[in-house]
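*Asks:* Provided below: model-v4.cif, containing mmCIF, C-alpha atoms.
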```
data_start
loop_
_atom_site.group_PDB
_atom_site.id
_atom_site.type_symbol
_atom_site.label_atom_id
_atom_site.label_comp_id
_atom_site.auth_asym_id
_atom_site.auth_seq_id
_atom_site.Cartn_x
_atom_site.Cartn_y
_atom_site.Cartn_z
ATOM 1 C CA MET S 1 -33.996 150.707 -111.927
ATOM 2 C CA ALA S 2 -35.226 151.675 -115.376
ATOM 3 C CA ASP S 3 -38.801 151.467 -114.110
ATOM 4 C CA ASN S 4 -38.298 154.091 -111.443
ATOM 5 C CA PRO S 5 -39.020 157.728 -112.192
ATOM 6 C CA SER S 6 -35.994 159.966 -112.540
ATOM 7 C CA PRO S 7 -34.685 161.461 -109.302
ATOM 8 C CA PHE S 8 -33.782 164.648 -111.175
ATOM 9 C CA ALA S 9 -35.932 167.715 -111.703
ATOM 10 C CA GLN S 10 -35.715 170.239 -114.516
ATOM 11 C CA ARG S 11 -33.393 173.158 -113.803
ATOM 12 C CA GLY S 12 -35.455 176.200 -112.854
ATOM 13 C CA SER S 13 -34.526 179.802 -112.121
ATOM 14 C CA THR S 14 -31.427 180.650 -110.081
ATOM 15 C CA GLU S 15 -33.734 181.286 -107.114
ATOM 16 C CA GLU S 16 -35.321 177.843 -107.523
ATOM 17 C CA VAL S 17 -31.962 176.075 -107.936
ATOM 18 C CA GLU S 18 -30.380 177.786 -104.925
ATOM 19 C CA GLU S 19 -33.302 178.106 -102.515
ATOM 20 C CA GLY S 20 -35.615 175.265 -103.524
ATOM 21 C CA ARG S 21 -36.051 171.624 -102.603
ATOM 22 C CA ALA S 22 -36.019 170.335 -106.185
ATOM 23 C CA PHE S 23 -32.956 168.219 -107.000
ATOM 24 C CA ALA S 24 -31.785 169.570 -110.348
ATOM 25 C CA PRO S 25 -28.087 168.756 -110.746
ATOM 26 C CA LYS S 26 -26.171 170.644 -113.417
ATOM 27 C CA PHE S 27 -24.188 168.134 -115.446
ATOM 28 C CA ASP S 28 -21.340 169.648 -117.454
ATOM 29 C CA ALA S 29 -20.727 169.276 -121.203
ATOM 30 C CA ASP S 30 -19.432 165.753 -120.543
ATOM 31 C CA GLY S 31 -22.506 164.873 -118.458
ATOM 32 C CA LEU S 32 -20.642 164.969 -115.137
ATOM 33 C CA VAL S 33 -20.817 166.589 -111.722
ATOM 34 C CA THR S 34 -17.824 166.831 -109.403
ATOM 35 C CA CYS S 35 -17.987 164.719 -106.253
ATOM 36 C CA VAL S 36 -15.916 165.233 -103.097
ATOM 37 C CA ALA S 37 -15.749 162.277 -100.714
ATOM 38 C CA THR S 38 -14.744 162.981 -97.123
ATOM 39 C CA ASP S 39 -14.154 160.536 -94.296
ATOM 40 C CA ALA S 40 -17.274 160.623 -92.103
ATOM 41 C CA ARG S 41 -15.150 160.327 -88.959
ATOM 42 C CA SER S 42 -12.027 162.424 -89.554
ATOM 43 C CA GLY S 43 -13.523 164.893 -92.031
ATOM 44 C CA ASP S 44 -10.454 164.490 -94.264
ATOM 45 C CA VAL S 45 -10.958 164.703 -97.989
ATOM 46 C CA LEU S 46 -10.408 161.200 -99.342
ATOM 47 C CA MET S 47 -10.832 161.810 -103.060
ATOM 48 C CA VAL S 48 -12.332 164.019 -105.737
ATOM 49 C CA ALA S 49 -14.024 162.214 -108.607
ATOM 50 C CA HIS S 50 -16.931 162.576 -111.016
ATOM 51 C CA MET S 51 -20.432 161.179 -111.330
ATOM 52 C CA ASN S 52 -22.624 160.990 -114.393
ATOM 53 C CA ALA S 53 -26.402 160.780 -114.028
ATOM 54 C CA GLN S 54 -26.319 156.994 -113.680
ATOM 55 C CA ALA S 55 -23.564 157.012 -111.041
ATOM 56 C CA LEU S 56 -25.358 159.701 -109.060
ATOM 57 C CA ARG S 57 -28.631 157.801 -109.276
ATOM 58 C CA LYS S 58 -27.056 154.496 -108.227
ATOM 59 C CA THR S 59 -25.282 156.189 -105.313
ATOM 60 C CA ILE S 60 -28.573 157.634 -104.096
ATOM 61 C CA GLU S 61 -30.472 154.363 -104.492
ATOM 62 C CA THR S 62 -27.844 152.029 -103.010
ATOM 63 C CA GLY S 63 -26.133 154.263 -100.435
ATOM 64 C CA GLU S 64 -22.761 153.157 -101.834
ATOM 65 C CA ALA S 65 -20.498 155.392 -103.897
ATOM 66 C CA TRP S 66 -20.569 154.980 -107.668
ATOM 67 C CA TYR S 67 -18.462 157.167 -109.930
ATOM 68 C CA PHE S 68 -17.794 157.656 -113.621
ATOM 69 C CA SER S 69 -14.204 157.124 -114.655
ATOM 70 C CA ARG S 70 -13.162 159.738 -117.180
ATOM 71 C CA SER S 71 -10.037 157.788 -118.124
ATOM 72 C CA ARG S 72 -11.858 154.486 -118.606
ATOM 73 C CA HIS S 73 -15.131 156.064 -119.810
ATOM 74 C CA ALA S 74 -17.040 153.693 -117.595
ATOM 75 C CA LEU S 75 -19.415 153.583 -114.680
ATOM 76 C CA TRP S 76 -17.431 152.501 -111.667
ATOM 77 C CA ARG S 77 -18.617 151.136 -108.343
ATOM 78 C CA LYS S 78 -16.002 152.282 -105.841
ATOM 79 C CA GLY S 79 -14.389 149.143 -104.464
ATOM 80 C CA GLU S 80 -15.539 146.804 -107.240
ATOM 81 C CA THR S 81 -11.921 145.663 -107.741
ATOM 82 C CA SER S 82 -10.266 146.549 -104.443
ATOM 83 C CA GLY S 83 -13.168 145.749 -102.128
ATOM 84 C CA HIS S 84 -12.698 149.246 -100.697
ATOM 85 C CA VAL S 85 -16.366 150.178 -100.864
ATOM 86 C CA GLN S 86 -17.596 153.555 -99.622
ATOM 87 C CA ARG S 87 -20.819 153.588 -97.598
ATOM 88 C CA VAL S 88 -22.411 156.997 -97.930
ATOM 89 C CA VAL S 89 -23.490 158.447 -94.599
ATOM 90 C CA GLU S 90 -24.727 161.726 -96.028
ATOM 91 C CA MET S 91 -24.932 163.392 -99.431
ATOM 92 C CA ARG S 92 -25.062 167.141 -99.896
ATOM 93 C CA ILE S 93 -25.473 169.276 -103.016
ATOM 94 C CA ASP S 94 -24.048 172.771 -103.400
ATOM 95 C CA CYS S 95 -25.794 176.068 -104.110
ATOM 96 C CA ASP S 96 -25.785 175.871 -107.911
ATOM 97 C CA GLN S 97 -26.102 172.078 -107.832
ATOM 98 C CA ASP S 98 -23.019 171.223 -109.869
ATOM 99 C CA ALA S 99 -21.002 169.629 -107.057
ATOM 100 C CA VAL S 100 -21.809 166.808 -104.652
ATOM 101 C CA TRP S 101 -20.265 166.192 -101.231
ATOM 102 C CA ILE S 102 -20.520 162.703 -99.761
ATOM 103 C CA LYS S 103 -19.450 161.781 -96.239
ATOM 104 C CA VAL S 104 -18.429 158.137 -96.373
ATOM 105 C CA GLU S 105 -17.370 155.233 -94.241
ATOM 106 C CA GLN S 106 -14.427 153.843 -96.165
ATOM 107 C CA GLU S 107 -14.394 150.048 -96.174
ATOM 108 C CA GLY S 108 -10.868 148.623 -96.192
ATOM 109 C CA ALA S 109 -7.681 150.491 -95.529
ATOM 110 C CA GLY S 110 -7.800 153.340 -97.982
ATOM 111 C CA ALA S 111 -9.498 155.219 -100.786
ATOM 112 C CA CYS S 112 -6.484 155.891 -103.026
ATOM 113 C CA HIS S 113 -5.337 153.485 -105.742
ATOM 114 C CA THR S 114 -1.729 154.219 -104.700
ATOM 115 C CA GLY S 115 -2.343 152.498 -101.360
ATOM 116 C CA ARG S 116 -2.936 155.542 -99.181
ATOM 117 C CA ARG S 117 -5.923 156.315 -97.003
ATOM 118 C CA SER S 118 -6.559 159.536 -98.944
ATOM 119 C CA CYS S 119 -5.523 160.705 -102.417
ATOM 120 C CA PHE S 120 -4.274 163.943 -100.832
ATOM 121 C CA TYR S 121 -0.989 162.715 -99.322
ATOM 122 C CA ARG S 122 1.238 165.593 -100.426
ATOM 123 C CA ALA S 123 1.245 169.220 -99.322
ATOM 124 C CA VAL S 124 2.147 172.267 -101.391
ATOM 125 C CA PRO S 125 4.241 174.705 -99.309
ATOM 126 C CA LEU S 126 2.758 178.198 -99.197
ATOM 127 C CA GLY S 127 3.939 181.768 -98.965
ATOM 128 C CA LYS S 128 6.809 181.893 -101.391
ATOM 129 C CA ALA S 129 7.268 182.401 -105.104
ATOM 130 C CA GLY S 130 9.162 180.155 -107.467
ATOM 131 C CA ALA S 131 9.696 176.434 -107.694
ATOM 132 C CA VAL S 132 7.628 174.183 -105.443
ATOM 133 C CA THR S 133 8.711 170.909 -103.871
ATOM 134 C CA LEU S 134 5.868 168.789 -102.525
ATOM 135 C CA GLU S 135 5.986 167.506 -98.941
ATOM 136 C CA PHE S 136 4.567 164.092 -98.087
ATOM 137 C CA ARG S 137 1.922 164.168 -95.312
ATOM 138 C CA ASP S 138 0.053 161.099 -94.113
ATOM 139 C CA GLY S 139 1.787 159.458 -97.059
ATOM 140 C CA GLU S 140 2.344 156.021 -95.583
ATOM 141 C CA LYS S 141 0.842 153.212 -97.631
ATOM 142 C CA VAL S 142 -1.878 151.364 -95.753
ATOM 143 C CA PHE S 143 -2.248 148.629 -98.349
ATOM 144 C CA ASP S 144 -0.198 147.269 -101.233
ATOM 145 C CA PRO S 145 -1.838 148.170 -104.543
ATOM 146 C CA LYS S 146 -0.170 145.151 -106.168
ATOM 147 C CA ASP S 147 -2.107 142.844 -103.845
ATOM 148 C CA VAL S 148 -5.392 144.677 -104.216
ATOM 149 C CA TYR S 149 -5.449 145.310 -107.954
ATOM 150 C CA LYS S 150 -3.842 142.062 -109.079
ATOM 151 C CA ALA S 151 -5.289 140.619 -112.248
ATOM 152 C CA MET C 152 5.212 187.953 -110.004
ATOM 153 C CA ALA C 153 6.124 187.706 -113.670
ATOM 154 C CA ASP C 154 9.794 187.695 -112.703
ATOM 155 C CA ASN C 155 9.507 184.607 -110.570
ATOM 156 C CA PRO C 156 10.146 181.171 -112.051
ATOM 157 C CA SER C 157 7.075 179.005 -112.562
ATOM 158 C CA PRO C 158 6.057 176.918 -109.573
ATOM 159 C CA PHE C 159 4.965 174.141 -111.936
ATOM 160 C CA ALA C 160 7.041 171.252 -113.245
ATOM 161 C CA GLN C 161 6.566 169.315 -116.461
ATOM 162 C CA ARG C 162 4.284 166.287 -116.120
ATOM 163 C CA GLY C 163 6.384 163.134 -115.977
ATOM 164 C CA SER C 164 5.510 159.458 -115.874
ATOM 165 C CA THR C 165 2.601 158.213 -113.780
ATOM 166 C CA GLU C 166 5.138 157.044 -111.193
ATOM 167 C CA GLU C 167 6.725 160.508 -111.070
ATOM 168 C CA VAL C 168 3.364 162.287 -110.848
ATOM 169 C CA GLU C 169 2.032 160.018 -108.097
ATOM 170 C CA GLU C 170 5.136 159.268 -106.047
ATOM 171 C CA GLY C 171 7.382 162.260 -106.677
ATOM 172 C CA ARG C 172 7.925 165.667 -105.131
ATOM 173 C CA ALA C 173 7.589 167.618 -108.370
ATOM 174 C CA PHE C 174 4.498 169.818 -108.488
ATOM 175 C CA ALA C 175 3.011 169.133 -111.919
ATOM 176 C CA PRO C 176 -0.691 169.986 -111.833
ATOM 177 C CA LYS C 177 -2.849 168.642 -114.643
ATOM 178 C CA PHE C 178 -4.978 171.480 -115.956
ATOM 179 C CA ASP C 179 -8.003 170.367 -117.976
ATOM 180 C CA ALA C 180 -8.949 171.439 -121.510
ATOM 181 C CA ASP C 181 -10.154 174.750 -120.064
ATOM 182 C CA GLY C 182 -6.903 175.230 -118.132
ATOM 183 C CA LEU C 183 -8.464 174.486 -114.750
ATOM 184 C CA VAL C 184 -7.999 172.241 -111.735
ATOM 185 C CA THR C 185 -10.780 171.529 -109.247
ATOM 186 C CA CYS C 186 -10.327 172.990 -105.777
ATOM 187 C CA VAL C 187 -12.122 171.865 -102.622
ATOM 188 C CA ALA C 188 -12.053 174.304 -99.703
ATOM 189 C CA THR C 189 -12.747 172.903 -96.242
ATOM 190 C CA ASP C 190 -13.067 174.754 -92.951
ATOM 191 C CA ALA C 191 -9.768 174.260 -91.099
ATOM 192 C CA ARG C 192 -11.605 173.936 -87.777
ATOM 193 C CA SER C 193 -14.777 171.958 -88.504
ATOM 194 C CA GLY C 194 -13.531 170.030 -91.540
ATOM 195 C CA ASP C 195 -16.781 170.827 -93.366
ATOM 196 C CA VAL C 196 -16.609 171.354 -97.089
ATOM 197 C CA LEU C 197 -17.248 175.048 -97.684
ATOM 198 C CA MET C 198 -17.145 175.166 -101.480
ATOM 199 C CA VAL C 199 -15.911 173.518 -104.654
ATOM 200 C CA ALA C 200 -14.463 175.863 -107.258
ATOM 201 C CA HIS C 201 -11.776 176.004 -109.923
ATOM 202 C CA MET C 202 -8.304 177.478 -110.271
ATOM 203 C CA ASN C 203 -6.389 178.276 -113.427
ATOM 204 C CA ALA C 204 -2.581 178.438 -113.337
ATOM 205 C CA GLN C 205 -2.599 182.071 -112.281
ATOM 206 C CA ALA C 206 -5.116 181.528 -109.466
ATOM 207 C CA LEU C 207 -3.174 178.523 -108.193
ATOM 208 C CA ARG C 208 0.086 180.459 -108.323
ATOM 209 C CA LYS C 209 -1.356 183.483 -106.527
ATOM 210 C CA THR C 210 -2.895 181.251 -103.844
ATOM 211 C CA ILE C 211 0.488 179.632 -103.221
ATOM 212 C CA GLU C 212 2.356 182.934 -103.148
ATOM 213 C CA THR C 213 -0.110 184.904 -101.021
ATOM 214 C CA GLY C 214 -1.612 182.203 -98.804
ATOM 215 C CA GLU C 215 -5.088 183.522 -99.647
ATOM 216 C CA ALA C 216 -7.529 181.705 -101.902
ATOM 217 C CA TRP C 217 -7.793 182.838 -105.516
ATOM 218 C CA TYR C 218 -10.097 181.111 -107.977
ATOM 219 C CA PHE C 219 -11.098 181.345 -111.614
ATOM 220 C CA SER C 220 -14.773 182.035 -112.199
ATOM 221 C CA ARG C 221 -16.052 179.941 -115.086
ATOM 222 C CA SER C 222 -19.244 182.017 -115.352
ATOM 223 C CA ARG C 223 -17.453 185.374 -115.331
ATOM 224 C CA HIS C 224 -14.314 184.096 -117.115
ATOM 225 C CA ALA C 225 -12.188 186.004 -114.663
ATOM 226 C CA LEU C 226 -9.568 185.569 -112.001
ATOM 227 C CA TRP C 227 -11.261 186.034 -108.664
ATOM 228 C CA ARG C 228 -9.772 186.729 -105.266
ATOM 229 C CA LYS C 229 -12.169 185.103 -102.805
ATOM 230 C CA GLY C 230 -13.637 187.906 -100.726
ATOM 231 C CA GLU C 231 -12.701 190.732 -103.082
ATOM 232 C CA THR C 232 -16.334 191.932 -103.043
ATOM 233 C CA SER C 233 -17.707 190.412 -99.845
ATOM 234 C CA GLY C 234 -14.610 190.778 -97.668
ATOM 235 C CA HIS C 235 -14.980 187.056 -96.917
ATOM 236 C CA VAL C 236 -11.343 186.209 -97.561
ATOM 237 C CA GLN C 237 -10.045 182.659 -97.120
ATOM 238 C CA ARG C 238 -6.653 182.268 -95.427
ATOM 239 C CA VAL C 239 -5.122 179.003 -96.544
ATOM 240 C CA VAL C 240 -3.773 176.942 -93.652
ATOM 241 C CA GLU C 241 -2.683 174.010 -95.798
ATOM 242 C CA MET C 242 -2.792 173.036 -99.462
ATOM 243 C CA ARG C 243 -2.746 169.449 -100.666
ATOM 244 C CA ILE C 244 -2.621 167.955 -104.167
ATOM 245 C CA ASP C 245 -4.100 164.594 -105.082
ATOM 246 C CA CYS C 246 -2.458 161.506 -106.565
ATOM 247 C CA ASP C 247 -2.794 162.440 -110.233
ATOM 248 C CA GLN C 248 -2.440 166.146 -109.448
ATOM 249 C CA ASP C 249 -5.684 167.349 -111.009
ATOM 250 C CA ALA C 250 -7.432 168.356 -107.774
ATOM 251 C CA VAL C 251 -6.402 170.668 -104.946
ATOM 252 C CA TRP C 252 -7.633 170.599 -101.351
ATOM 253 C CA ILE C 253 -7.212 173.736 -99.268
ATOM 254 C CA LYS C 254 -7.960 173.969 -95.556
ATOM 255 C CA VAL C 255 -8.970 177.541 -94.895
ATOM 256 C CA GLU C 256 -9.794 179.975 -92.161
ATOM 257 C CA GLN C 257 -12.889 181.684 -93.511
ATOM 258 C CA GLU C 258 -12.894 185.410 -92.796
ATOM 259 C CA GLY C 259 -16.398 186.778 -92.242
ATOM 260 C CA ALA C 260 -19.540 184.806 -91.675
ATOM 261 C CA GLY C 261 -19.655 182.463 -94.626
ATOM 262 C CA ALA C 262 -18.223 181.180 -97.887
ATOM 263 C CA CYS C 263 -21.427 180.923 -99.938
ATOM 264 C CA HIS C 264 -22.787 183.802 -102.014
ATOM 265 C CA THR C 265 -26.310 182.854 -100.827
ATOM 266 C CA GLY C 266 -25.382 183.916 -97.292
ATOM 267 C CA ARG C 267 -24.622 180.501 -95.807
ATOM 268 C CA ARG C 268 -21.465 179.358 -94.079
ATOM 269 C CA SER C 269 -21.020 176.564 -96.660
ATOM 270 C CA CYS C 270 -22.364 176.077 -100.178
ATOM 271 C CA PHE C 271 -23.497 172.585 -99.150
ATOM 272 C CA TYR C 272 -26.612 173.482 -97.137
ATOM 273 C CA ARG C 273 -28.962 170.852 -98.586
ATOM 274 C CA ALA C 274 -28.908 167.068 -98.216
ATOM 275 C CA VAL C 275 -30.012 164.475 -100.742
ATOM 276 C CA PRO C 276 -31.945 161.670 -98.994
ATOM 277 C CA LEU C 277 -30.484 158.243 -99.686
ATOM 278 C CA GLY C 278 -31.689 154.689 -100.070
ATOM 279 C CA LYS C 279 -34.756 155.015 -102.205
ATOM 280 C CA ALA C 280 -35.524 155.219 -105.881
ATOM 281 C CA GLY C 281 -37.606 157.836 -107.595
ATOM 282 C CA ALA C 282 -38.129 161.531 -107.053
ATOM 283 C CA VAL C 283 -35.856 163.329 -104.598
ATOM 284 C CA THR C 284 -36.767 166.220 -102.328
ATOM 285 C CA LEU C 285 -33.796 168.072 -100.860
ATOM 286 C CA GLU C 286 -33.595 168.651 -97.101
ATOM 287 C CA PHE C 287 -32.086 171.842 -95.726
ATOM 288 C CA ARG C 288 -29.215 171.257 -93.251
ATOM 289 C CA ASP C 289 -27.214 174.052 -91.657
ATOM 290 C CA GLY C 290 -29.178 176.203 -94.073
ATOM 291 C CA GLU C 291 -29.586 179.302 -91.934
ATOM 292 C CA LYS C 292 -28.237 182.470 -93.507
ATOM 293 C CA VAL C 293 -25.359 183.952 -91.538
ATOM 294 C CA PHE C 294 -25.184 187.133 -93.603
ATOM 295 C CA ASP C 295 -27.459 188.989 -95.976
ATOM 296 C CA PRO C 296 -26.125 188.757 -99.536
ATOM 297 C CA LYS C 297 -27.895 192.012 -100.397
ATOM 298 C CA ASP C 298 -25.764 193.847 -97.859
ATOM 299 C CA VAL C 299 -22.529 192.159 -98.859
ATOM 300 C CA TYR C 300 -22.805 192.259 -102.630
ATOM 301 C CA LYS C 301 -24.482 195.651 -102.988
ATOM 302 C CA ALA C 302 -23.244 197.700 -105.910
#
```
Represent the structure of the file as structure tokens.
*Replies:*
Amino acid sequence: MADNPSPFAQRGSTEEVEEGRAFAPKFDADGLVTCVATDARSGDVLMVAHMNAQALRKTIETGEAWYFSRSRHALWRKGETSGHVQRVVEMRIDCDQDAVWIKVEQEGAGACHTGRRSCFYRAVPLGKAGAVTLEFRDGEKVFDPKDVYKA
Amino acid sequence: MADNPSPFAQRGSTEEVEEGRAFAPKFDADGLVTCVATDARSGDVLMVAHMNAQALRKTIETGEAWYFSRSRHALWRKGETSGHVQRVVEMRIDCDQDAVWIKVEQEGAGACHTGRRSCFYRAVPLGKAGAVTLEFRDGEKVFDPKDVYKA
């Protein structure tokens, strides 16, 4: 991979970044862009994670989702432990090129390390002030994390 | 609003944060959580933005999307200039409670300040190494930003 030219262009003017065809992602102070992964079939948001330049590059080259774990400070191929690989059907970049949206086919039962299909298994009730109690939605576990992440 | 008790709980153990009903969002060093807004009908990702505690609280209380603009360092009611308000149909929080997903009904033609329906109007081609040229998808402008954001 080191022999290939970089997939990234220099950041140009706002007009160039927003209206051009040059791929010039804006990595934040920690070298990351935000990535939203949605289920290619249902459209549901599966997870929100981060990619550094290497993760973004490997995702583009392999068509499988790679992330950068902020807690483990490590490049992370989604599914490397669980087998729950994400095949990327389409990748989009947003107007100012600091967020990536990937539509994925999720291999295995779920994307969330807690055993759910999606990380977003709780709803926040709306329309009132004061204390909030979360409501579980689509919260059933589709796999047992203890089986999947065993040492 | 200042008279109402906080909607946020103290962060507990990992088990409590992931499996509990207490709403304990994890704001980053800048006091922000990431928010993904999807179209409640199509499921498409419209935008990725950020909320500080006040924006999150106002979104919950009003059922309309409020964000925090990192570039302008200001609380920002979506649509306050353009009229393109987002009515929140459902709000979800992720496993570790540092990302919010809102399903919205987008008032007006589009969510993106460039005049598109979604901010994600360009695709990144996959499966090859080297230089990337973005491809426009759903890139037609549905409103003229000059009309909407005129002084």
*Asks:* Please report, as a tab-separated table, each residue of chain C lying at most 7 Å from chain S, together with the nearest pair of atoms and the separation in Å rounded to one decimal; use only C-alpha atoms, and order rows by chain and ascending residue number.
*Replies:*
```
residue	atom	partner	partner_atom	distance
C:Asn155	CA	S:Gly130	CA	5.4
C:Pro156	CA	S:Gly130	CA	4.8
C:Ser157	CA	S:Gly130	CA	5.6
C:Pro158	CA	S:Ala131	CA	4.1
C:Phe159	CA	S:Ala131	CA	6.8
C:Arg172	CA	S:Leu134	CA	4.6
C:Ala173	CA	S:Thr133	CA	5.7
C:Phe174	CA	S:Val132	CA	6.2
C:Gly194	CA	S:Gly43	CA	5.2
C:Asp195	CA	S:Gly43	CA	6.9
C:Val199	CA	S:Ala99	CA	6.8
C:Ile211	CA	S:Leu126	CA	4.8
C:Glu212	CA	S:Gly127	CA	4.6
C:Thr213	CA	S:Gly127	CA	5.5
C:Gly214	CA	S:Gly127	CA	5.6
C:Met242	CA	S:Val124	CA	5.4
C:Arg243	CA	S:Ala123	CA	4.2
C:Ile244	CA	S:Phe120	CA	5.5
C:Asp245	CA	S:Phe120	CA	4.3
C:Cys246	CA	S:Cys119	CA	5.2
C:Ala250	CA	S:Val48	CA	6.9
C:Cys270	CA	S:Asp94	CA	4.9
C:Phe271	CA	S:Asp94	CA	4.3
C:Tyr272	CA	S:Asp94	CA	6.8
C:Arg273	CA	S:Arg92	CA	5.5
C:Ala274	CA	S:Arg92	CA	4.2
C:Val275	CA	S:Met91	CA	5.4
C:Leu277	CA	S:Ile60	CA	4.8
C:Gly278	CA	S:Glu61	CA	4.6
C:Lys279	CA	S:Glu61	CA	4.9
C:Ala280	CA	S:Glu61	CA	5.3
C:Gly281	CA	S:Pro5	CA	4.8
C:Ala282	CA	S:Pro7	CA	4.1
C:Val283	CA	S:Pro7	CA	5.2
C:Thr284	CA	S:Arg21	CA	5.5
C:Leu285	CA	S:Arg21	CA	4.6
C:Glu286	CA	S:Arg21	CA	6.7
```
*Asks:* Work out how far CA of Asp181 (chain C) is from CA of Phe68 (chain S), in Å to one decimal.
*Replies:*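 So the answer is 19.8 Å.
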*Asks:* Given the choices S:Arg117, S:Lys26, S:Lys150, S:Arg70, which gets closest to Asp138 (chain S) if the distance is worked out from all atoms listed in the file?
*Replies:*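 Smallest distance to Asp138 (chain S) is found for S:Arg117.
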*Asks:* Work out how far apart CA of Ala206 (chain C) and CA of Ala191 (chain C) are and give it in Å to one decimal.
*Replies:*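 Calculated distance between CA of Ala206 (chain C) and CA of Ala191 (chain C) is 20.3 Å.
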*Asks:* Would you give the centre and edge lengths, in Å to one decimal, of a box along x, y and z around the listed atoms of region 80-91 of chain S, with 5 Å added to each side, as lines of an AutoDock Vina configuration file?
*Replies:*
```
center_x = -17.6
center_y = 154.5
center_z = -101.2
size_x = 24.7
size_y = 27.7
size_z = 23.1
```
*Asks:* CA of Leu56 (chain S) and CA of Gly31 (chain S), how far apart in Å?
*Replies:* 11.1 Å
*Asks:* Starting from the PyMOL selection byres ((chain C and resi 295) around 12), expand the selection into actual residues of this file and give them as a PDB file with C-alpha atoms, in the coordinates of the input.
*Replies:*
```
ATOM      1  CA  SER C 233     -17.707 190.412 -99.845  1.00  0.00           C
ATOM      2  CA  GLY C 259     -16.398 186.778 -92.242  1.00  0.00           C
ATOM      3  CA  ALA C 260     -19.540 184.806 -91.675  1.00  0.00           C
ATOM      4  CA  GLY C 261     -19.655 182.463 -94.626  1.00  0.00           C
ATOM      5  CA  CYS C 263     -21.427 180.923 -99.938  1.00  0.00           C
ATOM      6  CA  HIS C 264     -22.787 183.802-102.014  1.00  0.00           C
ATOM      7  CA  THR C 265     -26.310 182.854-100.827  1.00  0.00           C
ATOM      8  CA  GLY C 266     -25.382 183.916 -97.292  1.00  0.00           C
ATOM      9  CA  ARG C 267     -24.622 180.501 -95.807  1.00  0.00           C
ATOM     10  CA  ARG C 268     -21.465 179.358 -94.079  1.00  0.00           C
ATOM     11  CA  GLU C 291     -29.586 179.302 -91.934  1.00  0.00           C
ATOM     12  CA  LYS C 292     -28.237 182.470 -93.507  1.00  0.00           C
ATOM     13  CA  VAL C 293     -25.359 183.952 -91.538  1.00  0.00           C
ATOM     14  CA  PHE C 294     -25.184 187.133 -93.603  1.00  0.00           C
ATOM     15  CA  PRO C 296     -26.125 188.757 -99.536  1.00  0.00           C
ATOM     16  CA  LYS C 297     -27.895 192.012-100.397  1.00  0.00           C
ATOM     17  CA  ASP C 298     -25.764 193.847 -97.859  1.00  0.00           C
ATOM     18  CA  VAL C 299     -22.529 192.159 -98.859  1.00  0.00           C
ATOM     19  CA  TYR C 300     -22.805 192.259-102.630  1.00  0.00           C
ATOM     20  CA  LYS C 301     -24.482 195.651-102.988  1.00  0.00           C
TER      21      LYS C 301
END
```
